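Asks: Starting off with a structure, shown below.
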2 protein chains.
Amino acid sequence: MPKIVDHDQRRHRLAEAVWSLTLRDGLEGVTLRKVAVEAGVSMGQVQHYYATREQLVRDALDRAVQALNARIDAAIRATDSASAETTLRECLRALLSRDPESLRLLQLSVAVVGRSISDPAMVSVLAPGSSELLEFTATLIAAARQERGTPPRGNGLIDADICWSLITSLGVDVAVGQRSPDDALTVLDYHLDNLLG
Amino acid sequence: MPKIVDHDQRRHRLAEAVWSLTLRDGLEGVTLRKVAVEAGVSMGQVQHYYATREQLVRDALDRAVQALNARIDAAIRATDSASAETTLRECLRALLSRDPESLRLLQLSVAVVGRSISDPAMVSVLAPGSSELLEFTATLIAAARQERGTPPRGNGLIDADICWSLITSLGVDVAVGQRSPDDALTVLDYHLDNLLG
DNA sequence: ATTTTTGCAATGCAGTTGCATTGTAATAGA
DNA sequence: TCTATTACAATGCAACTGCATTGCAAAAAT
């Protein structure tokens, strides 16, 4: 069997093109022809890897959210041996990274949220409600409070929920340019200081 | 001069049609012809009131955000004589109203956010960053803490900022159907109880 | 009663869209 | 070497798009 190419690499290139077009022209500005030009390939190649435009867009946005989640996981693993409080801070800060690529992914995730109001299938792409992450965060919060000598309080899962909801909202503000990353970090630190006593 | 009609009423009808189409088909599914059909008017009438499709969509989304803000204001005014804590709770709860029309407006606002990542002009439509509202909320928080006999603490403006960021995030979750209104209210109440001591 | 301005309605049109179809170069297996 | 399969490339097409244009009925102003 002939001419074996790396399918995943091709799809990734196309997804990158979709990302750029989405950020520049919006999701409705993503057309097969523009994607082909942006990726520097023929339109035939786009069709070869995706049967329909909808599948193309969905896979591209899916990859964006996955990539952002991977960055959060990486942030967690990067502070593996540190204190619980450091790990907690860093993994929440991951969403507010000043790295331009993270900002891109964050903006794309916002686009996914916007689309999900009319396309329920898009909701499944979003993973912030994953209960494992919430439980892990709750564990971190409890450990960090213990490190500070603060007694346990209330419902740790809700505390974790609030943390992620807060940085999600701050992340959206940063993504649309309505809040500076520095300001967002200030708000996050303020909240964590209160939370950890 | 002849045949005077209520321009604002006509535009409102068209905006309603844009809303329905946006929630059903997404922003990219809003076409002049579909808006005309949905509103039960001719395409000529749509063109008569809006020079371009872009102006039509922008005005419709603008009206949605304005309507949602009006509901928040109404919630504040409705509890005018109540305690600060009640006013605070109710005005934050306004975003999470179980009223279907509020949910519609909330979903449309989410669509605006999604669009604003590729259309910076859309950001101006969003008003959550209005400093007056933040200051007012900070005042409410301080008053509510005093009612409870809790001493002042930290930065009231940031506390207010966190409150609005939190309900914004909860509101998005509710809008996309990833969280029930009841769950969102539970989280909000938990946060307020911690905040007010 | 006539005119003139307003508020549409209807149609036309060029451009763009997603997708189907067809053709073809390259290469792995026989 | 032959062949079958993969990976595209090129083109075609019907449907739809936003917008321009034109026509026309109703009513306020004269």
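By convention here, the chains of the structure tokens are called A, B, ... in the order presented, each chain's residues are numbered starting at 1, and ligands are numbered starting at 1 in the order presented.
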Compile the residues of chain A that lie within 12 Å of chain C, evaluated using only C-alpha atoms (C1' of nucleotides), and express the compilation as a PyMOL selection string.

Replies: chain A and resi 1-5+28-34+43-44+46-48+50-54

Asks: Could you give me the residues within chain B that DSSP places in helix (DSSP H, G or I), as an MDAnalysis selection string?

Replies: chainID B and resid 7:25 27:29 32:39 43:49 53:78 84:96 100:116 120:125 131:148 156:175 181:195

Asks: Counting only C-alpha atoms (C1' of nucleotides), a student should be able to say which residues of chain D come within 8 Å of chain B; what is the right answer, written as a PDB file with N, CA, C and O atoms (P, O5', C5', C4', C3', O3' and C1' of nucleotides), in the first residue's frame?

Replies:
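Final file, selection-v4.pdb:
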```pdb
ATOM      1  P    DT D  17     -29.025  31.704   2.446  1.00  0.00           P
ATOM      2  O5'  DT D  17     -28.050  32.926   2.230  1.00  0.00           O
ATOM      3  C5'  DT D  17     -26.648  32.742   2.483  1.00  0.00           C
ATOM      4  C4'  DT D  17     -25.863  33.874   1.885  1.00  0.00           C
ATOM      5  C3'  DT D  17     -26.500  35.241   2.009  1.00  0.00           C
ATOM      6  O3'  DT D  17     -26.240  35.759   3.297  1.00  0.00           O
ATOM      7  C1'  DT D  17     -25.483  34.931  -0.151  1.00  0.00           C
ATOM      8  P    DG D  18     -27.052  36.979   3.885  1.00  0.00           P
ATOM      9  O5'  DG D  18     -26.340  38.226   3.185  1.00  0.00           O
ATOM     10  C5'  DG D  18     -24.962  38.462   3.396  1.00  0.00           C
ATOM     11  C4'  DG D  18     -24.490  39.573   2.490  1.00  0.00           C
ATOM     12  C3'  DG D  18     -25.138  40.926   2.763  1.00  0.00           C
ATOM     13  O3'  DG D  18     -24.150  41.944   2.567  1.00  0.00           O
ATOM     14  C1'  DG D  18     -25.657  40.240   0.558  1.00  0.00           C
ATOM     15  P    DC D  19     -24.488  43.409   3.086  1.00  0.00           P
ATOM     16  O5'  DC D  19     -24.971  44.120   1.748  1.00  0.00           O
ATOM     17  C5'  DC D  19     -24.100  44.086   0.619  1.00  0.00           C
ATOM     18  C4'  DC D  19     -24.855  44.459  -0.638  1.00  0.00           C
ATOM     19  C3'  DC D  19     -25.667  45.771  -0.548  1.00  0.00           C
ATOM     20  O3'  DC D  19     -25.030  46.721  -1.394  1.00  0.00           O
ATOM     21  C1'  DC D  19     -26.823  44.053  -1.733  1.00  0.00           C
ATOM     22  P    DA D  26     -53.030  51.377  -1.202  1.00  0.00           P
ATOM     23  O5'  DA D  26     -52.665  52.398  -0.024  1.00  0.00           O
ATOM     24  C5'  DA D  26     -51.884  51.944   1.062  1.00  0.00           C
ATOM     25  C4'  DA D  26     -51.255  53.127   1.775  1.00  0.00           C
ATOM     26  C3'  DA D  26     -52.238  54.240   2.152  1.00  0.00           C
ATOM     27  O3'  DA D  26     -52.054  54.583   3.502  1.00  0.00           O
ATOM     28  C1'  DA D  26     -50.375  55.140   1.027  1.00  0.00           C
ATOM     29  P    DA D  27     -53.282  55.154   4.356  1.00  0.00           P
ATOM     30  O5'  DA D  27     -52.720  56.593   4.772  1.00  0.00           O
ATOM     31  C5'  DA D  27     -51.477  56.688   5.451  1.00  0.00           C
ATOM     32  C4'  DA D  27     -50.800  58.003   5.136  1.00  0.00           C
ATOM     33  C3'  DA D  27     -51.673  59.243   5.376  1.00  0.00           C
ATOM     34  O3'  DA D  27     -50.916  60.221   6.051  1.00  0.00           O
ATOM     35  C1'  DA D  27     -50.711  59.332   3.248  1.00  0.00           C
ATOM     36  P    DA D  28     -51.534  60.747   7.478  1.00  0.00           P
ATOM     37  O5'  DA D  28     -50.763  62.145   7.654  1.00  0.00           O
ATOM     38  C5'  DA D  28     -49.362  62.145   7.909  1.00  0.00           C
ATOM     39  C4'  DA D  28     -48.658  63.164   7.017  1.00  0.00           C
ATOM     40  C3'  DA D  28     -49.106  64.615   7.202  1.00  0.00           C
ATOM     41  O3'  DA D  28     -47.957  65.436   7.306  1.00  0.00           O
ATOM     42  C1'  DA D  28     -49.219  64.023   4.907  1.00  0.00           C
ATOM     43  P    DA D  29     -48.082  66.890   7.839  1.00  0.00           P
ATOM     44  O5'  DA D  29     -47.879  67.722   6.508  1.00  0.00           O
ATOM     45  C5'  DA D  29     -46.661  67.568   5.789  1.00  0.00           C
ATOM     46  C4'  DA D  29     -46.731  68.309   4.451  1.00  0.00           C
ATOM     47  C3'  DA D  29     -47.217  69.756   4.555  1.00  0.00           C
ATOM     48  O3'  DA D  29     -46.359  70.576   3.767  1.00  0.00           O
ATOM     49  C1'  DA D  29     -48.531  68.580   2.977  1.00  0.00           C
TER      50       DA D  29
END
```

Asks: In Å, rounded to a single decimal, give me how far CA of Leu192 in chain A is from CA of Ala82 in chain A.

Replies: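 Distance between the two atoms: 16.9 Å.
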
Asks: Give me the residues near Thr168 in chain B as a list of chain:residue names, where near means some atom within 8 Å (using only C-alpha atoms (C1' of nucleotides)) and where sequence neighbours in that chain fewer than 4 positions away do not count.

Replies: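 Near neighbours after the sequence-gap exclusion: A:Ser169, B:Leu95, B:Trp164, B:Val172.
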
Asks: For chain B, work out the contacting residues on chain A at 8 Å, counting only C-alpha atoms, and write them as a ChimeraX atom specification.

Replies: /A:22-28,107,110-120,123,129,158,161-162,165-166,168-170,175-176,178,187,190-191

Asks: Just give me the gap between CA of Val18 in chain A and CA of Val174 in chain B in Å, one decimal is fine.

Replies: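 That distance, rounded to one decimal, is 27.9 Å.
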
Asks: Please determine, counting only C-alpha atoms, which residue among A:Arg89, A:Arg10, A:Arg148, A:Arg98 has the shortest atom-to-atom distance to Gln45 in chain A.

Replies: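 Closest residue, counting only C-alpha atoms: A:Arg10.
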
Asks: When you draw a straight line from CA of Asp62 in chain A to CA of Gly171 in chain A, how long is it in Å?

Replies: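 Going from CA of Asp62 in chain A over to CA of Gly171 in chain A covers 18.3 Å.
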